[in-house]
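This is start-v6.pdb (PDB, C-alpha atoms, pLDDT in the B column).
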```pdb
ATOM      1  CA  ASP A   1      15.099  15.497  21.955  1.00 69.00           C
ATOM      2  CA  GLN A   2      12.287  13.273  23.168  1.00 80.00           C
ATOM      3  CA  GLN A   3       9.448  15.645  24.044  1.00 92.00           C
ATOM      4  CA  VAL A   4       7.056  12.895  25.074  1.00 95.00           C
ATOM      5  CA  LYS A   5       8.363   9.971  27.090  1.00 95.00           C
ATOM      6  CA  GLN A   6       6.842   6.753  28.264  1.00 96.00           C
ATOM      7  CA  ASN A   7       9.407   5.299  30.622  1.00 91.00           C
ATOM      8  CA  SER A   8       7.840   1.877  30.985  1.00 94.00           C
ATOM      9  CA  PRO A   9       8.201  -0.218  27.841  1.00 94.00           C
ATOM     10  CA  SER A  10       5.946  -2.892  29.282  1.00 96.00           C
ATOM     11  CA  LEU A  11       3.324  -3.483  31.965  1.00 97.00           C
ATOM     12  CA  SER A  12       1.653  -6.701  33.031  1.00 97.00           C
ATOM     13  CA  VAL A  13      -1.529  -6.805  35.150  1.00 98.00           C
ATOM     14  CA  GLN A  14      -4.133  -9.335  36.157  1.00 97.00           C
ATOM     15  CA  GLU A  15      -7.588  -9.276  34.650  1.00 97.00           C
ATOM     16  CA  GLY A  16      -9.939  -7.189  36.752  1.00 97.00           C
ATOM     17  CA  ARG A  17      -7.174  -5.075  38.270  1.00 97.00           C
ATOM     18  CA  ILE A  18      -6.279  -1.498  37.427  1.00 98.00           C
ATOM     19  CA  SER A  19      -3.737  -0.698  34.712  1.00 98.00           C
ATOM     20  CA  ILE A  20      -1.893   2.599  35.040  1.00 98.00           C
ATOM     21  CA  LEU A  21       0.155   3.830  32.132  1.00 98.00           C
ATOM     22  CA  ASN A  22       2.315   6.897  32.552  1.00 98.00           C
ATOM     23  CA  CYS A  23       3.603   9.595  30.253  1.00 97.00           C
ATOM     24  CA  ASP A  24       5.800  12.651  30.761  1.00 97.00           C
ATOM     25  CA  TYR A  25       6.309  15.600  28.457  1.00 97.00           C
ATOM     26  CA  THR A  26       8.720  18.492  28.310  1.00 96.00           C
ATOM     27  CA  ASN A  27       7.177  20.978  25.872  1.00 92.00           C
ATOM     28  CA  SER A  28       5.027  23.485  27.764  1.00 92.00           C
ATOM     29  CA  MET A  29       3.338  24.477  24.495  1.00 90.00           C
ATOM     30  CA  PHE A  30       1.466  21.178  24.362  1.00 92.00           C
ATOM     31  CA  ASP A  31      -2.187  21.823  25.116  1.00 90.00           C
ATOM     32  CA  TYR A  32      -3.893  18.635  24.035  1.00 91.00           C
ATOM     33  CA  PHE A  33      -3.044  15.086  24.969  1.00 94.00           C
ATOM     34  CA  LEU A  34      -4.231  11.794  23.569  1.00 93.00           C
ATOM     35  CA  TRP A  35      -3.869   8.092  24.135  1.00 96.00           C
ATOM     36  CA  TYR A  36      -3.813   5.702  21.211  1.00 95.00           C
ATOM     37  CA  LYS A  37      -3.988   1.932  21.329  1.00 96.00           C
ATOM     38  CA  LYS A  38      -2.239  -0.247  18.781  1.00 94.00           C
ATOM     39  CA  TYR A  39      -2.664  -3.912  17.971  1.00 93.00           C
ATOM     40  CA  PRO A  40      -0.029  -5.726  15.896  1.00 89.00           C
ATOM     41  CA  ALA A  41      -0.257  -5.083  12.138  1.00 85.00           C
ATOM     42  CA  GLU A  42      -2.874  -2.378  12.654  1.00 90.00           C
ATOM     43  CA  GLY A  43      -2.657   1.386  12.825  1.00 91.00           C
ATOM     44  CA  PRO A  44      -3.092   3.156  16.155  1.00 93.00           C
ATOM     45  CA  THR A  45      -6.678   3.841  17.158  1.00 94.00           C
ATOM     46  CA  PHE A  46      -7.770   6.770  19.254  1.00 92.00           C
ATOM     47  CA  LEU A  47      -8.746   5.929  22.801  1.00 95.00           C
ATOM     48  CA  ILE A  48      -9.221   9.060  24.886  1.00 95.00           C
ATOM     49  CA  SER A  49      -7.987  12.630  25.036  1.00 93.00           C
ATOM     50  CA  ILE A  50      -7.751  15.568  27.397  1.00 94.00           C
ATOM     51  CA  SER A  51      -7.390  19.280  26.929  1.00 92.00           C
ATOM     52  CA  SER A  52      -4.926  21.202  29.055  1.00 92.00           C
ATOM     53  CA  ILE A  53      -7.787  23.127  30.647  1.00 93.00           C
ATOM     54  CA  LYS A  54      -8.914  19.931  32.374  1.00 94.00           C
ATOM     55  CA  ASP A  55      -7.216  17.597  34.802  1.00 96.00           C
ATOM     56  CA  LYS A  56      -9.365  14.538  34.268  1.00 97.00           C
ATOM     57  CA  ASN A  57     -11.411  12.956  31.510  1.00 97.00           C
ATOM     58  CA  GLU A  58     -13.328   9.736  31.873  1.00 97.00           C
ATOM     59  CA  ASP A  59     -14.836   7.433  29.270  1.00 96.00           C
ATOM     60  CA  GLY A  60     -16.151   4.150  30.552  1.00 97.00           C
ATOM     61  CA  ARG A  61     -13.298   2.052  31.889  1.00 97.00           C
ATOM     62  CA  PHE A  62     -10.724   4.607  30.736  1.00 98.00           C
ATOM     63  CA  THR A  63      -9.690   7.732  32.623  1.00 98.00           C
ATOM     64  CA  VAL A  64      -6.907  10.112  31.729  1.00 98.00           C
ATOM     65  CA  PHE A  65      -5.382  12.363  34.361  1.00 98.00           C
ATOM     66  CA  LEU A  66      -3.310  15.422  33.567  1.00 97.00           C
ATOM     67  CA  ASN A  67      -0.916  17.121  36.010  1.00 97.00           C
ATOM     68  CA  LYS A  68       0.295  20.196  34.190  1.00 95.00           C
ATOM     69  CA  SER A  69       2.667  21.381  36.891  1.00 95.00           C
ATOM     70  CA  ALA A  70       4.460  18.036  36.744  1.00 97.00           C
ATOM     71  CA  LYS A  71       4.049  17.733  32.967  1.00 97.00           C
ATOM     72  CA  HIS A  72       2.689  14.274  33.533  1.00 97.00           C
ATOM     73  CA  LEU A  73      -0.325  12.357  32.398  1.00 97.00           C
ATOM     74  CA  SER A  74      -1.578   8.901  33.083  1.00 98.00           C
ATOM     75  CA  LEU A  75      -4.135   6.513  31.681  1.00 98.00           C
ATOM     76  CA  HIS A  76      -6.106   4.340  34.071  1.00 98.00           C
ATOM     77  CA  ILE A  77      -7.955   1.291  32.844  1.00 98.00           C
ATOM     78  CA  VAL A  78     -10.266  -0.347  35.331  1.00 97.00           C
ATOM     79  CA  PRO A  79     -11.173  -3.123  35.324  1.00 97.00           C
ATOM     80  CA  SER A  80      -8.522  -4.373  32.926  1.00 98.00           C
ATOM     81  CA  GLN A  81      -9.563  -7.011  30.402  1.00 97.00           C
ATOM     82  CA  PRO A  82      -7.468  -9.402  28.292  1.00 96.00           C
ATOM     83  CA  GLY A  83      -8.666  -7.590  25.161  1.00 96.00           C
ATOM     84  CA  ASP A  84      -6.934  -4.466  26.443  1.00 97.00           C
ATOM     85  CA  SER A  85      -3.579  -6.111  25.746  1.00 97.00           C
ATOM     86  CA  ALA A  86      -1.928  -3.843  23.177  1.00 97.00           C
ATOM     87  CA  VAL A  87       0.689  -1.127  22.843  1.00 96.00           C
ATOM     88  CA  TYR A  88      -0.490   2.198  24.240  1.00 97.00           C
ATOM     89  CA  PHE A  89       0.948   5.429  22.898  1.00 96.00           C
ATOM     90  CA  CYS A  90       0.746   8.767  24.601  1.00 96.00           C
ATOM     91  CA  ALA A  91       0.657  11.714  22.187  1.00 94.00           C
ATOM     92  CA  ALA A  92       0.578  15.473  22.487  1.00 93.00           C
ATOM     93  CA  SER A  93      -0.147  18.397  20.215  1.00 89.00           C
ATOM     94  CA  ALA A  94      -0.035  22.159  20.337  1.00 86.00           C
ATOM     95  CA  ARG A  95      -2.559  24.490  18.824  1.00 75.00           C
ATOM     96  CA  GLU A  96       0.205  26.621  17.407  1.00 68.00           C
ATOM     97  CA  THR A  97       1.888  23.706  15.669  1.00 68.00           C
ATOM     98  CA  SER A  98       1.178  23.356  11.997  1.00 65.00           C
ATOM     99  CA  GLY A  99      -1.743  21.010  11.528  1.00 68.00           C
ATOM    100  CA  SER A 100      -1.677  20.145  15.204  1.00 74.00           C
ATOM    101  CA  ARG A 101       0.564  17.228  14.359  1.00 83.00           C
ATOM    102  CA  LEU A 102       1.061  14.674  17.073  1.00 89.00           C
ATOM    103  CA  THR A 103       4.242  14.015  19.023  1.00 91.00           C
ATOM    104  CA  PHE A 104       4.283  10.459  20.312  1.00 93.00           C
ATOM    105  CA  GLY A 105       5.935   8.629  23.146  1.00 94.00           C
ATOM    106  CA  GLU A 106       7.684   5.319  22.606  1.00 93.00           C
ATOM    107  CA  GLY A 107       4.725   3.241  23.698  1.00 95.00           C
ATOM    108  CA  THR A 108       3.997   0.835  26.550  1.00 97.00           C
ATOM    109  CA  GLN A 109       3.104  -2.782  25.886  1.00 97.00           C
ATOM    110  CA  LEU A 110       0.233  -3.700  28.205  1.00 98.00           C
ATOM    111  CA  THR A 111      -0.451  -7.363  28.858  1.00 98.00           C
ATOM    112  CA  VAL A 112      -3.572  -8.292  30.789  1.00 97.00           C
ATOM    113  CA  ASN A 113      -3.398 -11.843  32.048  1.00 96.00           C
ATOM    114  CA  PRO A 114      -6.625 -13.859  32.447  1.00 93.00           C
TER     115      PRO A 114
ATOM    116  CA  GLY B   1     -17.315   2.673   5.321  1.00 53.00           C
ATOM    117  CA  ALA B   2     -13.654   2.631   4.421  1.00 77.00           C
ATOM    118  CA  GLY B   3     -11.039   3.831   6.833  1.00 91.00           C
ATOM    119  CA  VAL B   4      -7.581   4.998   5.859  1.00 95.00           C
ATOM    120  CA  SER B   5      -5.965   2.477   3.551  1.00 95.00           C
ATOM    121  CA  GLN B   6      -2.318   2.087   2.678  1.00 97.00           C
ATOM    122  CA  SER B   7      -0.455   0.059   0.106  1.00 96.00           C
ATOM    123  CA  PRO B   8       1.569  -2.009  -0.057  1.00 97.00           C
ATOM    124  CA  SER B   9       1.267  -3.520   3.399  1.00 95.00           C
ATOM    125  CA  ASN B  10       4.824  -4.798   3.182  1.00 96.00           C
ATOM    126  CA  LYS B  11       7.720  -3.739   0.989  1.00 97.00           C
ATOM    127  CA  VAL B  12      11.180  -5.283   0.877  1.00 98.00           C
ATOM    128  CA  THR B  13      13.720  -3.464  -1.216  1.00 97.00           C
ATOM    129  CA  GLU B  14      17.419  -3.334  -1.791  1.00 97.00           C
ATOM    130  CA  LYS B  15      19.545  -0.473  -0.574  1.00 97.00           C
ATOM    131  CA  GLY B  16      19.745   2.245  -3.188  1.00 97.00           C
ATOM    132  CA  LYS B  17      16.388   1.548  -4.805  1.00 97.00           C
ATOM    133  CA  ASP B  18      13.469   4.000  -4.819  1.00 98.00           C
ATOM    134  CA  VAL B  19      10.144   3.115  -3.187  1.00 98.00           C
ATOM    135  CA  GLU B  20       6.697   4.664  -3.359  1.00 98.00           C
ATOM    136  CA  LEU B  21       4.122   4.247  -0.624  1.00 98.00           C
ATOM    137  CA  ARG B  22       0.458   5.072  -1.087  1.00 97.00           C
ATOM    138  CA  CYS B  23      -2.211   6.391   1.272  1.00 97.00           C
ATOM    139  CA  ASP B  24      -5.944   6.700   0.648  1.00 96.00           C
ATOM    140  CA  PRO B  25      -7.442   8.907   3.360  1.00 94.00           C
ATOM    141  CA  ILE B  26     -11.012   8.835   4.555  1.00 93.00           C
ATOM    142  CA  SER B  27     -13.256  10.611   2.074  1.00 90.00           C
ATOM    143  CA  GLY B  28     -13.901  14.195   3.095  1.00 87.00           C
ATOM    144  CA  HIS B  29     -10.871  14.454   5.348  1.00 89.00           C
ATOM    145  CA  THR B  30      -8.921  17.552   4.444  1.00 88.00           C
ATOM    146  CA  ALA B  31      -5.854  16.947   6.600  1.00 90.00           C
ATOM    147  CA  LEU B  32      -3.388  14.148   5.872  1.00 93.00           C
ATOM    148  CA  TYR B  33      -0.285  13.203   7.853  1.00 94.00           C
ATOM    149  CA  TRP B  34       2.599  10.824   7.329  1.00 96.00           C
ATOM    150  CA  TYR B  35       4.438   9.339  10.306  1.00 96.00           C
ATOM    151  CA  ARG B  36       6.992   6.591  10.632  1.00 96.00           C
ATOM    152  CA  GLN B  37       7.732   4.204  13.451  1.00 93.00           C
ATOM    153  CA  ARG B  38      11.163   2.682  13.704  1.00 92.00           C
ATOM    154  CA  LEU B  39      11.658  -0.424  15.771  1.00 88.00           C
ATOM    155  CA  GLY B  40      11.169   0.230  19.478  1.00 82.00           C
ATOM    156  CA  GLN B  41      10.372   3.882  18.980  1.00 85.00           C
ATOM    157  CA  GLY B  42       7.309   6.060  18.927  1.00 87.00           C
ATOM    158  CA  LEU B  43       5.708   7.505  15.849  1.00 92.00           C
ATOM    159  CA  GLU B  44       7.717  10.290  14.234  1.00 93.00           C
ATOM    160  CA  PHE B  45       6.009  13.037  12.214  1.00 93.00           C
ATOM    161  CA  LEU B  46       7.151  13.358   8.612  1.00 96.00           C
ATOM    162  CA  ILE B  47       4.830  15.630   6.613  1.00 95.00           C
ATOM    163  CA  TYR B  48       1.376  17.225   6.747  1.00 91.00           C
ATOM    164  CA  PHE B  49      -1.025  18.247   3.980  1.00 91.00           C
ATOM    165  CA  GLN B  50      -4.048  20.495   4.385  1.00 88.00           C
ATOM    166  CA  GLY B  51      -6.255  21.093   1.364  1.00 82.00           C
ATOM    167  CA  ASN B  52      -4.423  23.037  -1.321  1.00 82.00           C
ATOM    168  CA  SER B  53      -2.025  24.729   1.086  1.00 85.00           C
ATOM    169  CA  ALA B  54       1.704  24.159   0.871  1.00 87.00           C
ATOM    170  CA  PRO B  55       2.582  21.043   2.846  1.00 89.00           C
ATOM    171  CA  ASP B  56       4.514  21.179   6.101  1.00 90.00           C
ATOM    172  CA  LYS B  57       7.619  19.151   5.278  1.00 92.00           C
ATOM    173  CA  SER B  58       9.495  19.962   8.464  1.00 90.00           C
ATOM    174  CA  GLY B  59       9.602  16.347   9.640  1.00 93.00           C
ATOM    175  CA  LEU B  60      11.162  14.836   6.544  1.00 95.00           C
ATOM    176  CA  PRO B  61      14.539  13.406   7.598  1.00 94.00           C
ATOM    177  CA  SER B  62      16.404  14.080   4.348  1.00 94.00           C
ATOM    178  CA  ASP B  63      15.944  15.287   0.785  1.00 95.00           C
ATOM    179  CA  ARG B  64      15.603  11.657  -0.287  1.00 97.00           C
ATOM    180  CA  PHE B  65      12.081  11.817   1.119  1.00 97.00           C
ATOM    181  CA  SER B  66       9.254  13.548  -0.716  1.00 96.00           C
ATOM    182  CA  ALA B  67       5.487  13.342  -0.730  1.00 96.00           C
ATOM    183  CA  GLU B  68       2.630  14.498  -2.875  1.00 95.00           C
ATOM    184  CA  ARG B  69      -1.084  14.731  -2.452  1.00 94.00           C
ATOM    185  CA  THR B  70      -3.656  15.172  -5.181  1.00 84.00           C
ATOM    186  CA  GLY B  71      -6.251  17.630  -3.923  1.00 79.00           C
ATOM    187  CA  GLU B  72      -7.884  16.079  -0.882  1.00 79.00           C
ATOM    188  CA  SER B  73      -7.391  12.493  -1.924  1.00 88.00           C
ATOM    189  CA  VAL B  74      -4.540  10.065  -2.409  1.00 94.00           C
ATOM    190  CA  SER B  75      -1.043  10.774  -1.153  1.00 96.00           C
ATOM    191  CA  THR B  76       2.214   9.113  -2.101  1.00 97.00           C
ATOM    192  CA  LEU B  77       5.403   9.111  -0.066  1.00 98.00           C
ATOM    193  CA  THR B  78       8.553   8.516  -2.111  1.00 98.00           C
ATOM    194  CA  ILE B  79      11.903   7.521  -0.709  1.00 98.00           C
ATOM    195  CA  GLN B  80      14.774   7.719  -3.148  1.00 98.00           C
ATOM    196  CA  ARG B  81      18.014   5.759  -2.856  1.00 97.00           C
ATOM    197  CA  THR B  82      16.770   3.894   0.189  1.00 97.00           C
ATOM    198  CA  GLN B  83      19.120   3.244   3.090  1.00 97.00           C
ATOM    199  CA  GLN B  84      18.914   0.598   5.782  1.00 96.00           C
ATOM    200  CA  GLU B  85      17.983   3.224   8.371  1.00 95.00           C
ATOM    201  CA  ASP B  86      14.823   3.925   6.353  1.00 97.00           C
ATOM    202  CA  SER B  87      13.463   0.552   7.490  1.00 97.00           C
ATOM    203  CA  ALA B  88      10.335   1.326   9.507  1.00 97.00           C
ATOM    204  CA  VAL B  89       6.561   1.177   9.467  1.00 96.00           C
ATOM    205  CA  TYR B  90       5.226   4.178   7.578  1.00 98.00           C
ATOM    206  CA  LEU B  91       1.817   5.283   8.811  1.00 97.00           C
ATOM    207  CA  CYS B  92      -0.634   7.640   7.209  1.00 97.00           C
ATOM    208  CA  ALA B  93      -3.394   9.427   9.110  1.00 95.00           C
ATOM    209  CA  SER B  94      -6.201  11.732   8.115  1.00 92.00           C
ATOM    210  CA  SER B  95      -8.563  14.005   9.966  1.00 89.00           C
ATOM    211  CA  PHE B  96     -11.686  15.917   8.983  1.00 84.00           C
ATOM    212  CA  GLN B  97      -9.784  19.133   9.497  1.00 70.00           C
ATOM    213  CA  PRO B  98      -6.675  20.075  11.388  1.00 67.00           C
ATOM    214  CA  GLY B  99      -7.005  21.070  14.975  1.00 65.00           C
ATOM    215  CA  THR B 100      -6.126  19.667  18.316  1.00 59.00           C
ATOM    216  CA  SER B 101      -9.525  18.181  19.015  1.00 65.00           C
ATOM    217  CA  ASN B 102      -9.894  16.566  15.613  1.00 70.00           C
ATOM    218  CA  GLU B 103      -9.103  12.924  15.834  1.00 82.00           C
ATOM    219  CA  GLN B 104      -6.498  11.558  13.460  1.00 88.00           C
ATOM    220  CA  PHE B 105      -7.486   8.218  11.976  1.00 92.00           C
ATOM    221  CA  PHE B 106      -4.565   5.977  11.097  1.00 94.00           C
ATOM    222  CA  GLY B 107      -4.107   3.438   8.355  1.00 96.00           C
ATOM    223  CA  PRO B 108      -2.540   0.026   8.991  1.00 95.00           C
ATOM    224  CA  GLY B 109       0.856   1.173   7.784  1.00 96.00           C
ATOM    225  CA  THR B 110       3.406  -0.028   5.258  1.00 97.00           C
ATOM    226  CA  ARG B 111       6.281  -2.036   6.698  1.00 96.00           C
ATOM    227  CA  LEU B 112       9.397  -1.124   4.709  1.00 98.00           C
ATOM    228  CA  THR B 113      12.474  -3.290   4.955  1.00 97.00           C
ATOM    229  CA  VAL B 114      15.652  -2.131   3.238  1.00 97.00           C
ATOM    230  CA  LEU B 115      18.204  -4.908   2.818  1.00 95.00           C
TER     231      LEU B 115
END
```

Can the structure from this file be put into structure tokens for me?
Amino acid sequence: DQQVKQNSPSLSVQEGRISILNCDYTNSMFDYFLWYKKYPAEGPTFLISISSIKDKNEDGRFTVFLNKSAKHLSLHIVPSQPGDSAVYFCAASARETSGSRLTFGEGTQLTVNP
Amino acid sequence: GAGVSQSPSNKVTEKGKDVELRCDPISGHTALYWYRQRLGQGLEFLIYFQGNSAPDKSGLPSDRFSAERTGESVSTLTIQRTQQEDSAVYLCASSFQPGTSNEQFFGPGTRLTVL
């Protein structure tokens, strides 16, 4: 039972353009959502998060949008840079879950071409 | 300024052997998590430690898997009688305290290959 799904295994964009990564979830108990970025041979690093009480959170070039009715969130990166090329994981947690452990999607490999 | 460290970085073992993976969390972090990532999949929760409380073992896939943590420091994940399906990257994360808004910091992982 995949509670968090990233349906696009890969995405390729041109430098300077917008990258949009999508994520869907099924568990209505999730109340906090995060995006992690992962380079090869490194652990995931936190990028940006959003609480379920908000529908948008922005941090520099990164914006996360949350549509609770659709159980969908997206990460926008603009402008995209070659250094953004990495695997992006969507993750979710629920306050009631022990330790607020994270449930991850399968990841999307983003490639930003110069 | 150490982050989360894990050892070994790579481990190749034969089916049926036991392996032990180590995680050193960030100093002062009370919460520690183990996840694994199998090829082409997302990270899968295994176990969670918080201080001296009983660990949440609900993600462990079988009784061949066990983990310990000494106080609020090092943790070891042990896999007994390894199987080929245990091949994965095992990731450890720690956070200052549990809670949805507390960022989990991940180590680089241990890549386990079971032949």

| task | For Ser93 of chain A, work out the shell of residues within 7 Å, counting all atoms listed in the file and skipping chain neighbours fewer than 6 positions away, then give it as a list in words. | result | Phe30, Asp31, Tyr32, Phe33, Ser100, Arg101, Leu102 and Thr103 of chain A; Thr100 of chain B

Could you list, with a cut-off of 12 Å and counting all atoms listed in the file, the residues of chain B near chain A, each shown with its nearest atom pair and the distance in Å rounded to one decimal, rows sorted by chain and ascending number, as a tab-separated table?
```
residue	atom	partner	partner_atom	distance
B:Gly3	CA	A:Gly43	CA	10.6
B:Val4	CA	A:Gly43	CA	9.3
B:Ser5	CA	A:Gly43	CA	9.9
B:Gln6	CA	A:Gly43	CA	10.2
B:Ser9	CA	A:Ala41	CA	9.0
B:Asn10	CA	A:Ala41	CA	10.3
B:Thr30	CA	A:Gly99	CA	10.7
B:Ala31	CA	A:Gly99	CA	7.6
B:Leu32	CA	A:Gly99	CA	9.0
B:Tyr33	CA	A:Arg101	CA	7.7
B:Trp34	CA	A:Arg101	CA	9.7
B:Tyr35	CA	A:Leu102	CA	9.3
B:Arg36	CA	A:Phe104	CA	10.8
B:Gln37	CA	A:Glu106	CA	9.2
B:Arg38	CA	A:Glu106	CA	9.9
B:Leu39	CA	A:Glu106	CA	9.8
B:Gly40	CA	A:Glu106	CA	6.9
B:Gln41	CA	A:Glu106	CA	4.7
B:Gly42	CA	A:Glu106	CA	3.8
B:Leu43	CA	A:Phe104	CA	5.5
B:Glu44	CA	A:Phe104	CA	7.0
B:Phe45	CA	A:Thr103	CA	7.1
B:Leu46	CA	A:Arg101	CA	9.6
B:Ile47	CA	A:Arg101	CA	9.0
B:Tyr48	CA	A:Gly99	CA	6.8
B:Phe49	CA	A:Gly99	CA	8.1
B:Gln50	CA	A:Gly99	CA	7.5
B:Gly51	CA	A:Gly99	CA	11.1
B:Ser53	CA	A:Gly99	CA	11.1
B:Ala54	CA	A:Ser98	CA	11.2
B:Pro55	CA	A:Ser98	CA	9.5
B:Asp56	CA	A:Ser98	CA	7.1
B:Lys57	CA	A:Ser98	CA	10.2
B:Ser58	CA	A:Ser98	CA	9.7
B:Gly59	CA	A:Arg101	CA	10.2
B:Val89	CA	A:Ala41	CA	9.6
B:Tyr90	CA	A:Gly43	CA	9.9
B:Leu91	CA	A:Gly43	CA	7.2
B:Cys92	CA	A:Gly43	CA	8.6
B:Ala93	CA	A:Gly43	CA	8.9
B:Ser94	CA	A:Arg101	CA	10.7
B:Ser95	CA	A:Gly99	CA	9.9
B:Phe96	CA	A:Gly99	CA	11.5
B:Gln97	CA	A:Gly99	CA	8.5
B:Pro98	CA	A:Gly99	CA	5.0
B:Gly99	CA	A:Ser100	CA	5.4
B:Thr100	CA	A:Ser100	CA	5.5
B:Ser101	CA	A:Tyr32	CA	7.6
B:Asn102	CA	A:Ser100	CA	9.0
B:Glu103	CA	A:Phe46	CA	7.2
B:Gln104	CA	A:Phe46	CA	7.6
B:Phe105	CA	A:Thr45	CA	6.8
B:Phe106	CA	A:Gly43	CA	5.3
B:Gly107	CA	A:Gly43	CA	5.1
B:Pro108	CA	A:Gly43	CA	4.1
B:Gly109	CA	A:Gly43	CA	6.1
B:Thr110	CA	A:Ala41	CA	9.3
B:Arg111	CA	A:Ala41	CA	9.0
```

| said: Residue by residue, what does the PyMOL selection byres ((chain A and resi 73) around 8) grab here? Present the result as an MDAnalysis selection string. | reply: chainID A and resid 22:24 64:67 71:72 74:75

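The interatomic distance for the pair atom CA of Gln14 of chain A and atom CA of Arg61 of chain A works out to 15.2 Å.
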
| said: As an exercise, work out the distance from atom CA of Thr113 of chain B to atom CA of Gln83 of chain B in Å and give it to one decimal place. | reply: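 Between these atoms lies a distance of 9.5 Å.
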
| task | Pick out the residues sitting within 7 Å of Gly71 of chain B, and hand them over as a PyMOL selection string; count only C-alpha atoms, and ignore anything fewer than 2 positions along from it in its own chain. | result | chain B and resi 51-52+69+73

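We find atom CA of Asp59 of chain A and atom CA of Gln3 of chain A to be spaced 26.2 Å apart.
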
| request: For each of A:Thr26, A:Gly16, A:His76, A:Pro82, take the minimum atom-to-atom distance to Asn113 of chain A, counting only C-alpha atoms, then give the residue where this is smallest. | output: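 Going through A:Thr26, A:Gly16, A:His76, A:Pro82 one by one, the smallest distance to Asn113 of chain A is for A:Pro82.
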
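Minimum atom-to-atom distances from A:Leu110, A:Met29, A:Val13, A:Ile20 to Tyr88 of chain A were compared using only C-alpha atoms, and the lowest value belongs to A:Leu110.
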
On this structure, the PyMOL selection byres ((chain A and resi 78) around 9) would catch which residues? List them as an mmCIF file with C-alpha atoms, keeping the file's coordinate frame, sorted by chain and number.
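Result file is selection_25.cif:
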```cif
data_model
loop_
_atom_site.group_PDB
_atom_site.id
_atom_site.type_symbol
_atom_site.label_atom_id
_atom_site.label_comp_id
_atom_site.auth_asym_id
_atom_site.auth_seq_id
_atom_site.Cartn_x
_atom_site.Cartn_y
_atom_site.Cartn_z
ATOM 1 C CA GLY A 16 -9.939 -7.189 36.752
ATOM 2 C CA ARG A 17 -7.174 -5.075 38.270
ATOM 3 C CA ILE A 18 -6.279 -1.498 37.427
ATOM 4 C CA SER A 19 -3.737 -0.698 34.712
ATOM 5 C CA ILE A 20 -1.893 2.599 35.040
ATOM 6 C CA GLY A 60 -16.151 4.150 30.552
ATOM 7 C CA ARG A 61 -13.298 2.052 31.889
ATOM 8 C CA PHE A 62 -10.724 4.607 30.736
ATOM 9 C CA THR A 63 -9.690 7.732 32.623
ATOM 10 C CA HIS A 76 -6.106 4.340 34.071
ATOM 11 C CA ILE A 77 -7.955 1.291 32.844
ATOM 12 C CA PRO A 79 -11.173 -3.123 35.324
ATOM 13 C CA SER A 80 -8.522 -4.373 32.926
ATOM 14 C CA GLN A 81 -9.563 -7.011 30.402
#
```

| With only C-alpha atoms as the basis for distance, which of B:Asp24, B:Asp63, B:Glu14, B:Glu68 is at the shortest distance from Ser87 of chain B? | B:Glu14

| task | Can you pull out every residue within 6 Å of Gln109 of chain A, counting all atoms listed in the file, but drop anything in the same chain fewer than 2 positions away, and send it as number ranges by chain? | result | A: 10, 86-87

Generate the coordinates of N, CA and C atoms for segment 86-97 of chain B; report them as a CSV table (one decimal), keeping the file's coordinate frame.
```csv
chain,number,residue,atom,x,y,z
B,86,ASP,N,16.2,3.6,6.7
B,86,ASP,CA,14.8,3.9,6.4
B,86,ASP,C,13.8,2.8,6.7
B,87,SER,N,14.3,1.7,7.1
B,87,SER,CA,13.5,0.6,7.5
B,87,SER,C,12.6,1.0,8.7
B,88,ALA,N,11.3,0.9,8.5
B,88,ALA,CA,10.3,1.3,9.5
B,88,ALA,C,8.9,1.0,9.0
B,89,VAL,N,8.0,1.2,9.9
B,89,VAL,CA,6.6,1.2,9.5
B,89,VAL,C,6.2,2.6,9.2
B,90,TYR,N,5.6,2.8,8.0
B,90,TYR,CA,5.2,4.2,7.6
B,90,TYR,C,3.7,4.2,7.7
B,91,LEU,N,3.2,5.2,8.5
B,91,LEU,CA,1.8,5.3,8.8
B,91,LEU,C,1.3,6.6,8.3
B,92,CYS,N,0.1,6.5,7.7
B,92,CYS,CA,-0.6,7.6,7.2
B,92,CYS,C,-1.9,7.9,8.1
B,93,ALA,N,-2.2,9.1,8.3
B,93,ALA,CA,-3.4,9.4,9.1
B,93,ALA,C,-4.1,10.6,8.4
B,94,SER,N,-5.4,10.6,8.6
B,94,SER,CA,-6.2,11.7,8.1
B,94,SER,C,-7.2,12.2,9.2
B,95,SER,N,-7.5,13.5,9.1
B,95,SER,CA,-8.6,14.0,10.0
B,95,SER,C,-9.5,14.9,9.2
B,96,PHE,N,-10.7,15.1,9.7
B,96,PHE,CA,-11.7,15.9,9.0
B,96,PHE,C,-11.1,17.3,8.7
B,97,GLN,N,-10.5,17.9,9.7
B,97,GLN,CA,-9.8,19.1,9.5
B,97,GLN,C,-8.7,19.2,10.6
```
